[in-house]
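Novice: Got a structure for you, target_28.cif, holding mmCIF, C-alpha atoms.
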data_target
#
loop_
_atom_site.label_atom_id
_atom_site.label_comp_id
_atom_site.auth_asym_id
_atom_site.auth_seq_id
_atom_site.Cartn_x
_atom_site.Cartn_y
_atom_site.Cartn_z
CA MET A 1 -18.64 34.07 96.31
CA ARG A 2 -18.99 37.75 97.12
CA VAL A 3 -19.10 36.93 100.87
CA ARG A 4 -15.84 34.95 100.66
CA LEU A 5 -14.16 37.75 98.77
CA GLN A 6 -15.33 40.24 101.38
CA GLN A 7 -13.98 38.02 104.16
CA LYS A 8 -10.58 37.83 102.45
CA LEU A 9 -10.47 41.58 102.06
CA THR A 10 -11.36 42.05 105.72
CA LEU A 11 -8.62 39.64 106.85
CA ALA A 12 -6.10 41.38 104.58
CA GLU A 13 -7.01 44.80 106.03
CA GLN A 14 -6.70 43.49 109.60
CA SER A 15 -3.36 41.91 108.83
CA TYR A 16 -2.13 45.15 107.24
CA ALA A 17 -3.26 47.15 110.27
CA ARG A 18 -1.26 44.92 112.58
CA TRP A 19 1.86 44.95 110.40
CA GLU A 20 4.99 46.61 111.79
CA PRO A 21 8.29 47.10 109.99
CA PRO A 22 10.88 44.54 111.06
CA LYS A 23 13.35 45.76 113.64
CA VAL A 24 16.79 46.18 112.12
CA ARG A 25 19.80 45.96 114.37
CA ARG A 26 21.96 48.86 113.43
CA ARG A 27 25.69 48.46 113.43
CA SER A 28 28.01 51.13 114.67
CA THR A 29 29.56 52.75 111.61
CA SER A 30 33.01 52.89 113.20
CA LYS A 31 32.91 49.23 114.22
CA TYR A 32 31.71 48.25 110.78
CA VAL A 33 34.48 50.18 109.06
CA LEU A 34 37.15 48.82 111.35
CA ALA A 35 35.80 45.28 110.98
CA LEU A 36 36.29 45.30 107.24
CA PRO A 37 40.09 45.23 107.20
CA GLN A 38 40.16 42.66 110.02
CA ARG A 39 37.95 40.30 108.03
CA ALA A 40 40.19 40.87 105.06
CA ILE A 41 43.22 40.10 107.19
CA ASP A 42 41.54 36.94 108.57
CA LYS A 43 41.04 35.77 105.01
CA PHE A 44 44.55 36.93 104.28
CA ARG A 45 45.88 34.66 107.03
CA SER A 46 43.63 31.67 106.42
CA PRO A 47 45.21 28.47 105.09
CA LYS A 48 42.92 28.52 102.07
CA GLY A 49 43.35 32.23 101.39
CA GLY A 50 47.05 31.67 101.69
CA VAL A 51 47.84 35.37 101.48
CA GLU A 52 50.27 35.21 104.37
CA ALA A 53 51.82 32.19 102.71
CA GLN A 54 52.01 34.15 99.47
CA VAL A 55 53.73 37.01 101.30
CA ALA A 56 56.15 34.54 102.87
CA ALA A 57 56.87 33.17 99.44
CA ARG A 58 57.67 36.67 98.22
CA LEU A 59 60.03 37.47 101.08
CA VAL A 60 63.38 38.62 99.81
CA THR A 61 66.78 38.65 101.42
CA ALA A 62 68.81 41.84 101.33
CA PRO A 63 72.48 41.43 100.49
CA GLY A 64 74.89 41.51 103.38
CA LEU A 65 76.60 44.85 103.96
CA PRO A 66 79.74 45.86 105.84
CA HIS A 67 79.38 47.57 109.20
CA GLY A 68 78.31 51.18 108.78
CA PHE A 69 76.45 50.60 105.51
CA PHE A 70 72.68 50.39 105.18
CA SER A 71 70.05 49.02 102.82
CA CYS A 72 67.94 52.13 103.29
CA PHE A 73 67.94 55.42 105.18
CA LEU A 74 64.73 56.66 106.86
CA SER A 75 64.54 60.44 106.47
CA HIS A 76 61.81 62.05 108.58
CA VAL A 77 60.87 64.93 110.86
CA TRP A 78 61.43 63.76 114.40
CA ALA A 79 58.41 65.52 115.95
CA SER A 80 55.75 64.16 113.59
CA GLY A 81 57.32 61.08 112.05
CA GLN A 82 59.46 59.33 114.64
CA ASP A 83 56.84 56.82 115.81
CA GLN A 84 55.92 55.81 112.28
CA ALA A 85 59.54 55.61 111.20
CA ARG A 86 59.98 53.05 113.99
CA SER A 87 56.92 51.14 112.74
CA LEU A 88 58.24 51.22 109.19
CA LYS A 89 61.62 49.87 110.26
CA GLY A 90 59.87 47.00 112.02
CA LEU A 91 57.82 46.17 108.93
CA LEU A 92 60.86 46.25 106.67
CA GLN A 93 62.73 43.92 108.99
CA ARG A 94 59.72 41.59 109.05
CA TYR A 95 59.40 41.26 105.28
CA VAL A 96 62.99 41.72 104.10
CA LYS A 97 65.46 39.35 105.66
CA ASN A 98 68.86 40.70 106.59
CA ILE A 99 67.87 44.31 105.82
CA ALA A 100 69.91 47.09 107.46
CA VAL A 101 67.75 50.15 108.09
CA PHE A 102 69.20 53.47 109.26
CA LEU A 103 67.02 55.09 111.90
CA ASP A 104 68.38 58.09 113.78
CA VAL A 105 67.50 56.90 117.29
CA ASP A 106 69.31 53.61 116.61
CA ASN A 107 72.22 54.58 114.38
CA LEU A 108 72.92 58.32 114.56
CA GLU A 109 76.26 58.92 116.25
CA ASP A 110 77.10 62.38 114.92
CA LEU A 111 74.66 64.86 113.35
CA ALA A 112 77.51 66.25 111.25
CA ARG A 113 77.77 62.87 109.47
CA LEU A 114 74.27 62.93 107.96
CA GLU A 115 75.56 63.09 104.39
CA GLU A 116 77.92 60.19 105.10
CA TYR A 117 75.06 58.06 106.44
CA VAL A 118 73.02 58.77 103.33
CA SER A 119 75.92 58.03 100.98
CA ASN A 120 76.42 54.71 102.81
CA SER A 121 72.78 53.76 102.17
CA SER A 122 71.47 52.04 99.06
CA ALA A 123 68.18 54.00 99.05
CA VAL A 124 66.43 56.78 100.96
CA ILE A 125 62.85 56.61 102.19
CA VAL A 126 61.46 60.12 102.75
CA PHE A 127 58.56 60.23 105.21
CA LEU A 128 56.55 63.35 104.34
CA THR A 129 54.63 65.00 107.18
CA GLY A 130 53.26 68.48 107.83
CA HIS A 131 50.58 70.38 109.70
CA VAL A 132 47.82 72.96 109.28
CA ASP A 133 48.60 76.32 110.90
CA ASP A 134 46.24 78.54 112.87
CA GLU A 135 45.06 80.22 109.69
CA GLY A 136 44.11 76.91 108.12
CA VAL A 137 47.06 76.78 105.74
CA ALA A 138 48.76 73.43 105.18
CA VAL A 139 52.51 73.47 105.81
CA SER A 140 55.20 70.91 104.93
CA ASP A 141 57.20 70.12 108.06
CA TYR A 142 59.61 67.98 106.06
CA MET A 143 60.55 70.74 103.63
CA LYS A 144 60.99 73.18 106.52
CA SER A 145 63.48 70.93 108.30
CA ASN A 146 67.14 71.79 107.67
CA ASN A 147 68.32 68.29 108.58
CA CYS A 148 65.77 66.67 106.28
CA LEU A 149 66.91 68.87 103.40
CA VAL A 150 70.53 67.93 104.10
CA GLU A 151 69.54 64.27 103.82
CA LEU A 152 67.52 64.83 100.66
CA ARG A 153 70.33 66.82 99.03
CA ALA A 154 72.79 64.08 99.96
CA ALA A 155 70.51 61.53 98.28
CA ALA A 156 70.44 63.65 95.12
CA ALA A 157 74.19 64.31 95.19
CA HIS A 158 75.04 60.62 95.59
CA ALA A 159 72.35 59.47 93.14
CA ARG A 160 70.53 57.39 95.73
CA PRO A 161 67.03 56.21 94.81
CA VAL A 162 64.37 58.14 96.74
CA ILE A 163 60.95 56.81 97.75
CA LEU A 164 58.36 59.25 99.10
CA LEU A 165 56.18 57.90 101.91
CA LEU A 166 53.20 60.23 102.30
CA GLU A 167 51.41 60.43 105.67
CA THR A 168 47.64 60.17 105.06
CA ASP A 169 46.24 60.90 108.53
CA PRO A 170 45.52 64.65 108.95
CA THR A 171 45.62 64.29 112.74
CA HIS A 172 49.19 63.02 112.58
CA GLY A 173 50.81 65.27 110.02
CA GLY A 174 49.02 64.28 106.85
CA VAL A 175 48.95 67.05 104.22
CA SER A 176 48.72 66.83 100.45
CA LEU A 177 51.65 65.96 98.24
CA GLU A 178 51.15 69.32 96.53
CA THR A 179 51.83 71.05 99.87
CA HIS A 180 55.21 69.34 100.06
CA THR A 181 56.18 69.94 96.43
CA ALA A 182 55.15 73.61 96.67
CA ALA A 183 57.55 74.07 99.61
CA CYS A 184 60.35 72.04 98.04
CA PRO A 185 63.53 74.00 97.17
CA ALA A 186 63.99 74.38 93.42
CA ASP A 187 67.21 72.36 93.32
CA LEU A 188 65.45 69.35 94.87
CA LEU A 189 62.28 69.43 92.77
CA PRO A 190 63.62 67.03 90.09
CA THR A 191 64.45 64.50 92.81
CA VAL A 192 61.06 64.85 94.51
CA LEU A 193 58.95 64.90 91.33
CA GLY A 194 60.83 61.91 89.93
CA ALA A 195 60.37 59.75 93.04
CA PRO A 196 57.61 57.16 93.47
CA VAL A 197 54.96 58.07 96.06
CA VAL A 198 53.58 55.51 98.52
CA PRO A 199 50.64 56.48 100.78
CA TRP A 200 51.32 55.55 104.42
CA HIS A 201 48.40 54.11 106.42
CA ARG A 202 48.64 54.22 110.21
CA LEU A 203 45.97 51.57 110.79
CA LYS A 204 47.84 48.31 111.26
CA ASP A 205 45.42 46.34 109.07
CA PHE A 206 46.07 48.72 106.18
CA GLN A 207 49.83 49.05 106.58
CA ILE A 208 50.41 46.01 104.41
CA CYS A 209 48.94 48.11 101.56
CA SER A 210 51.79 50.59 102.10
#
As structure tokens, what does this structure read like?

Specialist:
Amino acid sequence: MRVRLQQKLTLAEQSYARWEPPKVRRRSTSKYVLALPQRAIDKFRSPKGGVEAQVAARLVTAPGLPHGFFSCFLSHVWASGQDQARSLKGLLQRYVKNIAVFLDVDNLEDLARLEEYVSNSSAVIVFLTGHVDDEGVAVSDYMKSNNCLVELRAAAAHARPVILLLETDPTHGGVSLETHTAACPADLLPTVLGAPVVPWHRLKDFQICS
């Protein structure tokens, strides 16, 4: 009995000596992170998941408007927000049938008519962008733009609903909401503080969240 026990112990020790931890295939963190939203979108688009079908079911149709009138006005700083304003217009046109979106590169005929364009719009979407200066201080580009302030004041004067779209990517003008509100002129603070805030995601898979 003792001999058998000793043999078992010997075999166990030999087996332990030969044991190596299993090799784990490591995934690239960036690939893993980027794969998550795509898998979510695949499920989103699957017949069973039906999310795309659910979105289609929720599509709305904007009322028809006379020429020169718009469902919404996209107010943004050209240098840091033009590309995303174009993306936003495309998304709105995809999910809202018959929507008329004012975008400067498409509809601006006269810079002096900014207030008129805003007054002819049912709502104003304010795309907030900024930057960090050489001293590491965050700056609101939107609140430093004279044209943007003209548009925002026109929205307040004509009682147009305002929606704040906040850039979230620091490499493309993303600064905190507090940075924008701190730079906001006093007469526009009630409009800005009373507006809903929607974070804007540049990654295509996350844009549906915006």

Novice: Evaluate the PyMOL selection byres ((chain A and resi 137-148) around 9) and record the selected residues as a PyMOL selection string, following the chain and residue labels used in the document.

Specialist: chain A and resi 75-77+80+111+114+126-136+149-153+173+175-176+179-185

Novice: Calculate how many Å separate CA of Gly194 in chain A from CA of Gln84 in chain A, rounding to one decimal.

Specialist: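 Spanning CA of Gly194 in chain A to CA of Gln84 in chain A is a straight-line distance of 23.7 Å.
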
Novice: What does the distance between CA of Ala112 in chain A and CA of Leu166 in chain A come to in Å, to one decimal place?

Specialist: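 Going from CA of Ala112 in chain A over to CA of Leu166 in chain A, I get 26.6 Å.
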
Novice: So how many Å separate CA of Val60 in chain A and CA of Gly90 in chain A, to one decimal?

Specialist: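 Spanning CA of Val60 in chain A to CA of Gly90 in chain A is a straight-line distance of 15.2 Å.
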
Novice: For the structure shown, which residues end up in the PyMOL selection byres ((chain A and resi 74) around 9)? Put them as a ChimeraX atom specification, please?

Specialist: /A:72-73,75-76,85,88-89,101-104,123-127

Novice: In terms of the shortest atom-to-atom distance over only C-alpha atoms, which of A:Phe70, A:Ala159, A:Asn107, A:Arg86 is closest to Asn120 in chain A?

Specialist: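 When distances to Asn120 in chain A are compared using only C-alpha atoms, the smallest one comes from A:Phe70.
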